[in-house]
file start17.cif (mmCIF, C-alpha atoms)
data_coords
loop_
_atom_site.label_atom_id
_atom_site.label_comp_id
_atom_site.auth_asym_id
_atom_site.auth_seq_id
_atom_site.Cartn_x
_atom_site.Cartn_y
_atom_site.Cartn_z
CA MET A 257 -93.42 191.65 13.70
CA ARG A 258 -93.52 190.95 17.40
CA MET A 259 -96.56 188.75 16.91
CA PHE A 260 -94.53 186.38 14.74
CA GLN A 261 -91.77 186.22 17.29
CA PHE A 262 -94.18 185.77 20.17
CA PHE A 263 -95.58 182.65 18.58
CA GLY A 264 -92.14 181.22 18.04
CA HIS A 265 -91.72 182.04 14.34
CA GLY A 266 -88.62 183.67 12.97
CA SER A 267 -88.28 186.79 10.90
CA ALA A 268 -88.12 184.98 7.54
CA PRO A 269 -91.88 185.43 6.80
CA ILE A 270 -91.44 189.17 7.23
CA ALA A 271 -88.43 189.15 4.88
CA ARG A 272 -90.46 187.23 2.31
CA GLU A 273 -93.41 189.62 2.40
CA ARG A 274 -91.18 192.71 2.27
CA LEU A 275 -89.31 191.32 -0.72
CA LYS A 276 -92.47 190.47 -2.64
CA ILE A 277 -93.79 194.01 -2.31
CA LEU A 278 -90.44 195.65 -2.99
CA LEU A 279 -89.69 193.59 -6.09
CA ALA A 280 -93.10 194.30 -7.59
CA HIS A 281 -92.15 197.99 -7.51
CA ASP A 282 -88.53 197.44 -8.59
CA ARG A 283 -89.62 195.48 -11.63
CA ILE A 284 -91.92 198.25 -12.86
CA GLU A 285 -89.24 200.89 -12.37
CA CYS A 286 -86.46 198.89 -13.98
CA SER A 287 -88.49 197.80 -16.99
CA HIS A 288 -89.57 201.42 -17.51
CA PRO A 289 -86.96 203.67 -15.94
CA ASP A 290 -88.60 206.93 -17.05
CA LEU A 291 -92.19 205.87 -16.45
CA LEU A 292 -93.11 209.13 -14.74
CA GLY A 293 -91.59 211.26 -17.51
CA VAL A 294 -93.41 209.35 -20.23
CA LEU A 295 -96.71 209.46 -18.34
CA ARG A 296 -96.29 213.20 -17.78
CA GLU A 297 -95.72 213.93 -21.45
CA GLU A 298 -98.60 211.83 -22.69
CA ILE A 299 -101.09 212.99 -20.07
CA LEU A 300 -100.23 216.63 -20.69
CA ALA A 301 -100.60 216.17 -24.43
CA VAL A 302 -104.14 214.86 -23.95
CA ILE A 303 -105.16 217.55 -21.43
CA GLY A 304 -103.54 220.24 -23.56
CA ARG A 305 -105.88 219.45 -26.43
CA HIS A 306 -108.83 220.60 -24.31
CA VAL A 307 -107.56 223.15 -21.78
CA SER A 308 -104.63 225.51 -21.71
CA PHE A 309 -102.30 225.51 -18.73
CA GLU A 310 -98.75 226.34 -17.71
CA PRO A 311 -96.52 223.26 -17.88
CA ASP A 312 -94.71 224.52 -14.77
CA ASN A 313 -97.93 224.29 -12.76
CA VAL A 314 -98.22 220.55 -13.17
CA ARG A 315 -97.35 218.02 -10.49
CA ILE A 316 -97.31 214.31 -11.13
CA ARG A 317 -96.58 211.94 -8.29
CA LEU A 318 -96.26 208.19 -8.04
CA GLY A 319 -97.08 207.05 -4.53
CA ARG A 320 -96.61 203.73 -2.84
CA CYS A 321 -98.82 202.09 -0.33
CA LYS A 322 -98.43 198.59 1.03
CA SER A 323 -100.35 196.79 -1.67
CA THR A 324 -101.07 199.44 -4.31
CA SER A 325 -99.32 202.22 -6.15
CA THR A 326 -100.97 205.56 -6.75
CA LEU A 327 -100.64 208.07 -9.53
CA ALA A 328 -101.66 211.66 -8.79
CA VAL A 329 -101.78 214.36 -11.46
CA ASP A 330 -102.33 217.90 -10.27
CA ILE A 331 -102.68 220.66 -12.88
CA GLU A 332 -103.30 224.32 -12.10
CA ILE A 333 -105.31 226.06 -14.76
CA PRO A 334 -105.40 229.86 -14.97
CA ASN A 335 -108.89 231.32 -14.40
CA GLY A 336 -110.67 232.36 -17.56
CA CYS A 337 -109.08 229.74 -19.74
CA ARG A 338 -111.03 227.56 -22.14
CA GLN A 339 -112.92 224.92 -20.15
CA PRO A 340 -115.50 222.28 -20.85
CA ASP A 341 -119.09 223.39 -20.22
CA VAL A 342 -119.94 220.68 -17.73
CA VAL A 343 -117.82 222.09 -14.95
CA SER A 344 -118.56 225.46 -13.46
CA ARG A 345 -115.50 227.66 -12.92
CA PRO A 346 -112.86 225.15 -12.02
CA ASN A 347 -109.33 226.36 -11.81
CA ARG A 348 -107.65 223.15 -10.94
CA LEU A 349 -107.53 219.70 -12.48
CA THR A 350 -106.66 216.72 -10.37
CA PHE A 351 -106.44 213.11 -11.35
CA ASP A 352 -106.17 210.65 -8.61
CA SER A 353 -105.86 206.98 -9.23
CA GLY A 354 -106.06 204.63 -6.32
CA LEU A 355 -105.28 207.11 -3.59
CA ASP A 356 -106.69 206.26 -0.20
CA ASN A 357 -107.82 209.80 0.53
CA ASN A 358 -109.67 211.44 -2.32
CA VAL A 359 -108.61 215.03 -2.75
CA SER A 360 -111.69 217.01 -3.63
CA THR A 361 -112.50 220.64 -3.13
CA THR A 362 -114.84 222.97 -4.94
CA ASN A 363 -111.97 224.29 -7.01
CA GLN A 364 -110.88 220.94 -8.37
CA TRP A 365 -111.93 218.38 -10.85
CA VAL A 366 -111.50 214.96 -9.50
CA ILE A 367 -111.52 212.34 -12.16
CA MET B 214 -71.99 167.79 -22.64
CA GLY B 215 -68.18 167.81 -22.96
CA GLN B 216 -67.66 168.59 -26.59
CA MET B 217 -70.78 170.08 -28.03
CA ALA B 218 -72.02 169.30 -31.53
CA ASP B 219 -70.48 172.43 -33.05
CA ASN B 220 -67.31 171.86 -31.06
CA LYS B 221 -67.77 175.10 -29.18
CA GLY B 222 -67.81 175.53 -25.45
CA GLN B 223 -70.48 176.93 -23.19
CA VAL B 224 -69.93 180.44 -21.89
CA LEU B 225 -71.22 180.96 -18.36
CA VAL B 226 -71.31 184.14 -16.31
CA VAL B 227 -71.31 183.91 -12.53
CA THR B 228 -73.10 187.03 -11.37
CA SER B 229 -75.11 188.42 -8.45
CA GLY B 230 -75.32 192.19 -8.33
CA LYS B 231 -74.45 192.24 -4.65
CA GLY B 232 -70.85 191.77 -3.56
CA GLY B 233 -69.58 189.22 -1.09
CA VAL B 234 -72.18 186.54 -1.80
CA GLY B 235 -69.72 184.00 -3.22
CA LYS B 236 -69.24 184.65 -6.94
CA THR B 237 -65.50 184.12 -6.97
CA THR B 238 -65.68 181.14 -4.60
CA SER B 239 -68.37 179.59 -6.79
CA THR B 240 -66.51 180.29 -10.04
CA ALA B 241 -63.40 178.57 -8.69
CA ALA B 242 -65.33 175.68 -7.11
CA LEU B 243 -67.49 174.96 -10.17
CA GLY B 244 -64.57 175.38 -12.57
CA ALA B 245 -62.48 172.94 -10.58
CA ALA B 246 -65.38 170.50 -10.23
CA LEU B 247 -65.99 170.48 -14.01
CA ALA B 248 -62.26 170.11 -14.69
CA HIS B 249 -62.05 167.30 -12.11
CA ASP B 250 -64.80 165.52 -14.07
CA GLY B 251 -62.72 165.72 -17.25
CA GLU B 252 -63.95 168.92 -18.87
CA LYS B 253 -61.56 171.51 -20.29
CA VAL B 254 -62.31 174.68 -18.35
CA VAL B 255 -61.14 178.28 -18.28
CA VAL B 256 -62.21 180.69 -15.54
CA VAL B 257 -62.04 184.36 -16.51
CA ASP B 258 -61.75 187.14 -13.94
CA PHE B 259 -63.72 190.23 -15.06
CA ASP B 260 -63.17 192.14 -11.85
CA VAL B 261 -60.70 194.60 -13.34
CA GLY B 262 -58.88 196.54 -10.62
CA LEU B 263 -59.97 194.17 -7.86
CA ARG B 264 -58.92 190.76 -9.10
CA ASN B 265 -59.25 187.90 -6.65
CA LEU B 266 -59.89 184.76 -8.64
CA ASP B 267 -56.11 184.21 -8.92
CA LEU B 268 -55.88 184.33 -5.14
CA VAL B 269 -58.71 181.86 -4.55
CA LEU B 270 -57.05 179.50 -7.05
CA GLY B 271 -53.62 179.95 -5.46
CA ALA B 272 -52.15 181.33 -8.71
CA GLU B 273 -51.48 184.91 -7.60
CA ARG B 274 -47.70 184.66 -7.97
CA ARG B 275 -47.93 183.25 -11.49
CA VAL B 276 -49.80 186.14 -13.11
CA VAL B 277 -47.75 187.74 -15.88
CA PHE B 278 -50.27 188.96 -18.46
CA ASP B 279 -53.97 189.59 -18.00
CA LEU B 280 -57.30 190.04 -19.80
CA ILE B 281 -56.64 193.73 -20.55
CA ASN B 282 -53.21 192.91 -22.04
CA VAL B 283 -54.90 190.42 -24.36
CA ILE B 284 -57.64 192.87 -25.33
CA ASN B 285 -55.04 195.56 -26.08
CA GLY B 286 -53.02 193.16 -28.20
CA PHE B 287 -50.10 193.45 -25.80
CA ALA B 288 -50.10 189.71 -25.11
CA LYS B 289 -51.44 186.65 -26.86
CA LEU B 290 -54.22 184.71 -25.16
CA SER B 291 -51.92 181.71 -24.80
CA GLN B 292 -49.40 183.87 -22.91
CA ALA B 293 -51.98 185.14 -20.44
CA LEU B 294 -53.63 181.80 -19.63
CA ILE B 295 -52.39 180.17 -16.43
CA ARG B 296 -52.64 176.42 -16.14
CA ASP B 297 -53.66 175.09 -12.73
CA LYS B 298 -50.99 173.06 -10.97
CA ARG B 299 -53.44 170.47 -9.63
CA LEU B 300 -55.73 169.99 -12.61
CA THR B 301 -54.10 170.09 -16.03
CA ASN B 302 -57.33 170.96 -17.83
CA LEU B 303 -58.19 173.97 -15.65
CA TYR B 304 -56.99 177.39 -16.77
CA LEU B 305 -57.25 180.93 -15.43
CA LEU B 306 -57.39 184.17 -17.38
CA PRO B 307 -56.68 186.80 -14.71
CA ALA B 308 -57.95 190.35 -14.55
CA SER B 309 -55.70 193.36 -14.39
CA GLN B 310 -55.03 194.72 -10.92
CA THR B 311 -53.78 198.12 -12.03
CA ARG B 312 -56.17 199.19 -14.77
CA ASP B 313 -59.79 200.25 -14.40
CA LYS B 314 -62.90 198.73 -15.87
CA ASP B 315 -62.99 201.25 -18.73
CA ALA B 316 -60.06 199.38 -20.27
CA LEU B 317 -62.54 196.64 -21.20
CA THR B 318 -64.07 197.15 -24.64
CA GLU B 319 -67.07 195.35 -26.03
CA GLU B 320 -65.25 194.30 -29.21
CA GLY B 321 -62.20 193.20 -27.24
CA VAL B 322 -64.24 191.07 -24.86
CA ALA B 323 -66.20 189.57 -27.77
CA LYS B 324 -62.99 188.54 -29.50
CA VAL B 325 -61.42 186.98 -26.40
CA ILE B 326 -64.60 185.09 -25.47
CA GLU B 327 -64.94 183.76 -29.00
CA GLU B 328 -61.37 182.51 -29.00
CA LEU B 329 -61.84 180.86 -25.60
CA ARG B 330 -65.09 179.29 -26.73
CA THR B 331 -63.34 177.42 -29.54
CA ASN B 332 -60.63 176.10 -27.21
CA PHE B 333 -62.53 175.12 -24.07
CA ASP B 334 -65.61 173.11 -23.11
CA TRP B 335 -66.52 175.69 -20.47
CA VAL B 336 -65.70 179.39 -20.25
CA ILE B 337 -66.74 180.65 -16.80
CA CYS B 338 -66.74 184.43 -16.38
CA ASP B 339 -66.49 185.73 -12.82
CA SER B 340 -68.43 189.00 -12.82
CA PRO B 341 -67.59 191.95 -10.61
CA ALA B 342 -70.29 193.11 -8.19
CA GLY B 343 -72.60 195.92 -9.23
CA ILE B 344 -74.38 196.66 -12.49
CA GLU B 345 -71.71 198.81 -14.11
CA ARG B 346 -69.56 198.24 -17.18
CA GLY B 347 -67.52 195.32 -15.83
CA ALA B 348 -70.65 193.41 -14.82
CA THR B 349 -72.51 194.08 -18.07
CA LEU B 350 -69.49 193.04 -20.16
CA ALA B 351 -69.01 189.86 -18.11
CA MET B 352 -72.57 188.77 -18.94
CA ARG B 353 -72.60 190.23 -22.46
CA TYR B 354 -71.60 187.11 -24.44
CA ALA B 355 -72.77 184.41 -22.03
CA ASP B 356 -74.92 181.48 -23.12
CA ALA B 357 -76.09 180.91 -19.58
CA ALA B 358 -75.89 182.65 -16.22
CA ILE B 359 -75.36 181.39 -12.71
CA ILE B 360 -76.96 183.83 -10.30
CA VAL B 361 -75.37 183.53 -6.87
CA THR B 362 -77.78 184.47 -4.10
CA ASN B 363 -77.67 184.40 -0.31
CA PRO B 364 -81.02 183.76 1.40
CA GLU B 365 -81.13 187.34 2.58
CA VAL B 366 -83.23 190.32 1.48
CA SER B 367 -80.61 192.57 -0.13
CA SER B 368 -79.01 189.72 -2.04
CA VAL B 369 -82.36 188.49 -3.37
CA ARG B 370 -83.32 191.99 -4.43
CA ASP B 371 -80.05 192.50 -6.31
CA SER B 372 -80.40 189.10 -7.96
CA ASP B 373 -83.81 190.11 -9.25
CA ARG B 374 -82.26 193.20 -10.81
CA ILE B 375 -79.50 191.12 -12.41
CA ILE B 376 -82.05 188.66 -13.81
CA GLY B 377 -83.79 191.65 -15.44
CA MET B 378 -80.51 192.74 -16.98
CA LEU B 379 -79.72 189.23 -18.24
CA ASP B 380 -83.08 189.23 -20.04
CA THR B 381 -82.51 192.60 -21.72
CA THR B 382 -78.88 193.68 -22.10
CA THR B 383 -77.03 190.51 -23.13
CA ALA B 384 -76.11 189.78 -26.74
CA LYS B 385 -78.32 186.69 -26.64
CA ALA B 386 -81.31 188.70 -25.38
CA GLU B 387 -80.75 191.30 -28.10
CA ARG B 388 -80.89 188.53 -30.72
CA GLY B 389 -84.29 187.61 -29.30
CA GLU B 390 -83.01 184.44 -27.63
CA ARG B 391 -83.39 183.52 -24.00
CA ILE B 392 -80.35 183.27 -21.81
CA ASP B 393 -80.43 180.18 -19.58
CA LYS B 394 -80.48 181.15 -15.92
CA HIS B 395 -79.49 179.01 -12.96
CA LEU B 396 -79.86 180.05 -9.36
CA LEU B 397 -77.12 179.02 -6.96
CA ILE B 398 -78.05 179.63 -3.33
CA THR B 399 -74.96 179.94 -1.15
CA ARG B 400 -74.37 180.24 2.61
CA TYR B 401 -77.56 178.34 3.30
CA ASP B 402 -78.19 177.22 6.85
CA SER B 403 -80.93 174.61 6.80
CA SER B 404 -81.47 174.61 10.57
CA ARG B 405 -81.93 178.40 10.67
CA ALA B 406 -84.29 178.19 7.68
CA ALA B 407 -86.27 175.48 9.46
CA ARG B 408 -86.61 177.75 12.48
CA GLY B 409 -87.87 180.56 10.25
CA GLU B 410 -84.81 182.70 10.86
CA MET B 411 -83.63 182.59 7.25
CA LEU B 412 -85.50 182.71 3.94
CA ALA B 413 -86.26 179.16 2.85
CA ILE B 414 -85.24 177.81 -0.56
CA ASP B 415 -88.88 177.80 -1.70
CA ASP B 416 -89.26 181.46 -0.70
CA VAL B 417 -86.27 182.48 -2.80
CA LEU B 418 -87.39 180.36 -5.75
CA GLU B 419 -90.91 181.74 -5.61
CA ILE B 420 -89.67 185.33 -5.46
CA LEU B 421 -87.06 185.02 -8.23
CA SER B 422 -88.84 182.38 -10.38
CA CYS B 423 -85.57 180.95 -11.60
CA PRO B 424 -84.52 177.28 -11.86
CA LEU B 425 -82.30 176.08 -9.04
CA LEU B 426 -78.78 174.84 -9.82
CA GLY B 427 -77.70 174.05 -6.30
CA ILE B 428 -77.73 174.83 -2.61
CA ILE B 429 -74.35 175.44 -1.00
CA PRO B 430 -74.46 175.11 2.79
CA GLU B 431 -72.76 177.65 5.03
CA SER B 432 -69.46 176.08 6.01
CA LYS B 433 -66.08 176.85 7.52
CA GLU B 434 -64.55 174.82 4.71
CA VAL B 435 -65.10 177.68 2.24
CA MET B 436 -62.80 180.08 4.09
CA ARG B 437 -60.36 177.32 4.94
CA ALA B 438 -60.00 176.63 1.19
CA SER B 439 -59.58 180.28 0.22
CA ASN B 440 -57.00 180.74 2.99
CA VAL B 441 -54.77 178.16 1.36
CA GLY B 442 -55.53 179.18 -2.24
CA SER B 443 -57.51 176.16 -3.34
CA PRO B 444 -61.05 175.80 -4.73
CA VAL B 445 -63.19 174.19 -2.03
CA THR B 446 -63.97 171.35 -4.44
CA LEU B 447 -60.28 170.39 -4.51
CA ASN B 448 -59.26 171.29 -0.99
CA ASN B 449 -61.68 168.96 0.76
CA VAL B 450 -63.60 166.89 -1.75
CA LEU B 451 -65.80 165.30 0.87
CA SER B 452 -66.82 168.49 2.66
CA ALA B 453 -70.47 169.57 2.44
CA PRO B 454 -69.90 172.62 0.21
CA ALA B 455 -67.61 170.62 -2.10
CA ARG B 456 -70.24 167.92 -2.56
CA ALA B 457 -72.87 170.59 -3.22
CA TYR B 458 -70.66 172.24 -5.85
CA PHE B 459 -69.92 168.89 -7.51
CA ASP B 460 -73.67 168.20 -7.70
CA ALA B 461 -74.24 171.67 -9.20
CA ALA B 462 -71.46 171.12 -11.77
CA ARG B 463 -73.02 167.82 -12.81
CA ARG B 464 -76.41 169.48 -13.17
CA LEU B 465 -74.74 172.02 -15.50
CA LYS B 466 -73.69 169.07 -17.64
CA GLY B 467 -77.32 168.01 -17.83
CA LYS B 468 -77.25 165.25 -15.21
CA ASP B 469 -80.40 164.76 -13.18
CA ILE B 470 -79.26 164.86 -9.57
CA PRO B 471 -81.66 165.08 -6.61
CA MET B 472 -81.54 168.46 -4.89
CA LEU B 473 -80.23 167.74 -1.40
CA VAL B 474 -78.42 170.05 0.98
CA PRO B 475 -75.27 168.16 1.95
CA THR B 476 -74.48 168.42 5.65
CA GLU B 477 -71.18 168.22 7.45
CA SER B 478 -70.43 164.89 9.00
CA ARG B 479 -70.51 165.44 12.73
CA GLY B 480 -68.64 163.92 15.60
CA PHE B 481 -70.43 161.78 18.14
CA LEU B 482 -70.62 164.51 20.77
CA ASN B 483 -71.82 167.07 18.24
CA THR B 484 -74.52 164.70 17.13
CA LEU B 485 -75.62 164.26 20.75
CA PHE B 486 -75.53 167.89 21.80
CA GLY B 487 -74.79 170.16 18.88
CA ARG B 488 -77.71 169.98 16.58
CA LYS B 489 -81.11 171.44 17.09
CA ALA B 490 -84.03 169.83 15.35
CA ALA B 491 -84.05 170.97 11.74
#
call {"tool": "encode", "arguments": {"input": "start17.cif", "output": "structure tokens"}}
result
Amino acid sequence: MRMFQFFGHGSAPIARERLKILLAHDRIECSHPDLLGVLREEILAVIGRHVSFEPDNVRIRLGRCKSTSTLAVDIEIPNGCRQPDVVSRPNRLTFDSGLDNNVSTTNQWVI
Amino acid sequence: MGQMADNKGQVLVVTSGKGGVGKTTSTAALGAALAHDGEKVVVVDFDVGLRNLDLVLGAERRVVFDLINVINGFAKLSQALIRDKRLTNLYLLPASQTRDKDALTEEGVAKVIEELRTNFDWVICDSPAGIERGATLAMRYADAAIIVTNPEVSSVRDSDRIIGMLDTTTAKAERGERIDKHLLITRYDSSRAARGEMLAIDDVLEILSCPLLGIIPESKEVMRASNVGSPVTLNNVLSAPARAYFDAARRLKGKDIPMLVPTESRGFLNTLFGRKAA
């Protein structure tokens, strides 16, 4: 911000950039007010066909960075439940789309 | 446009989302400009509980019946309409000051708008701020919308929200038709925009992607007119905002008028010392 002012420009370019980013988010939210709720239901329906889990142990977050949005789905699965063969003893299922820092531990699936 | 082919008037809503950007000023100024040019115009105040259009038009002491009285069947439309003392073809339908916005019903508004449409060339609905019932009913039966925006972040954001609502919640949108949208930028200061201190017209247009109806310059004339209860287009016809509103009104009628920002005429000393390079 100070750079702009130092070179003699006003604050209007900052206003313009802030608005562009903000409105991109606003438009998604307003056109789909319950986006997170719908995503949650549909994602859980798909996962539920393959693994059993407690609906209370599910966290879904929409995050915002400067130029991208992120969707994180974090599902705790009880040990000993039905699991696909390819993964050895996971007890946690994590989806992460577009996050800057990939969450990945031995106890998680990261898809 | 005057009388349209089906002999029905155009219904406009003047809306913005944000308060204080100039909806009521613009409703009065455009209504008076259209009436001055020979059109038969009614301006309708939808701001139930906080009416102000009567005040800006200088008709506050002549209000007897209001929009809610007409909707309730307590008064006939002809009893509630107030004829302007300066322009014989300009009318006001005031809002109620004592009731709340819940007194407006969808069927009632539809009926009143339809009756006005058959009697006037232009029905201009002054929307309350916000996105609640009063604002949605003001835009509900409009053919076209005038979105009043200041070149400022919160106003532009709220306008974007209102544009989204115009495209989804109006009767026209529900019929699968497109509501015509016109952007009216008010309180514009071209020298500040040139210095990069204020969003430029192109910035606002790019962000909102909406056709431009007019640019109203920031001016002391606007408050001077409201102080004395006169639309700025009647109070000082030659002032910069009045000329900008007249241009906008003529564009509404389909005239092709170059988009200029009228400036105040300045005295000799002001010209020498007052103005920075724009």
call {"tool": "atom_distance", "arguments": {"input": "start17.cif", "atom1": "atom CA of Gly377 of chain B", "atom2": "atom CA of Glu345 of chain B"}}
result
14.1 Å
call {"tool": "closest_residue", "arguments": {"input": "start17.cif", "among": "B:Leu280, B:Val227, B:Cys423, B:Ile375", "to": "chain A", "atoms": "only C-alpha atoms"}}
result
B:Ile375
call {"tool": "resolve_selection", "arguments": {"input": "start17.cif", "expression": "the PyMOL selection byres ((chain B) within 9 of (chain A))", "output": "VMD selection string"}}
result
chain B and resid 365 to 367 369 to 370 373 to 374 377 405 to 406 408 to 413 416 to 417 420
call {"tool": "atom_distance", "arguments": {"input": "start17.cif", "atom1": "atom CA of Gly467 of chain B", "atom2": "atom CA of His395 of chain B"}}
result
12.2 Å
call {"tool": "resolve_selection", "arguments": {"input": "start17.cif", "expression": "the PyMOL selection byres ((chain B and resi 399) around 7)", "output": "ChimeraX atom specification"}}
result
/B:235,361-363,397-398,400-401,428-431
call {"tool": "closest_residue", "arguments": {"input": "start17.cif", "among": "B:Val226, B:Val435, B:Ala241, B:Leu447", "to": "Arg299 of chain B", "atoms": "only C-alpha atoms"}}
result
B:Leu447
call {"tool": "atom_distance", "arguments": {"input": "start17.cif", "atom1": "atom CA of Ala272 of chain B", "atom2": "atom CA of Pro341 of chain B"}}
result
18.8 Å
call {"tool": "closest_residue", "arguments": {"input": "start17.cif", "among": "B:Lys231, B:Lys289, B:Lys221, B:Lys466", "to": "Ala348 of chain B", "atoms": "only C-alpha atoms"}}
result
B:Lys231
call {"tool": "resolve_selection", "arguments": {"input": "start17.cif", "expression": "the PyMOL selection byres ((chain B and resi 449-463) around 6)", "output": "PyMOL selection string"}}
result
chain B and resi 243+246-247+426-427+429-430+445-448+464-466+468+475-477
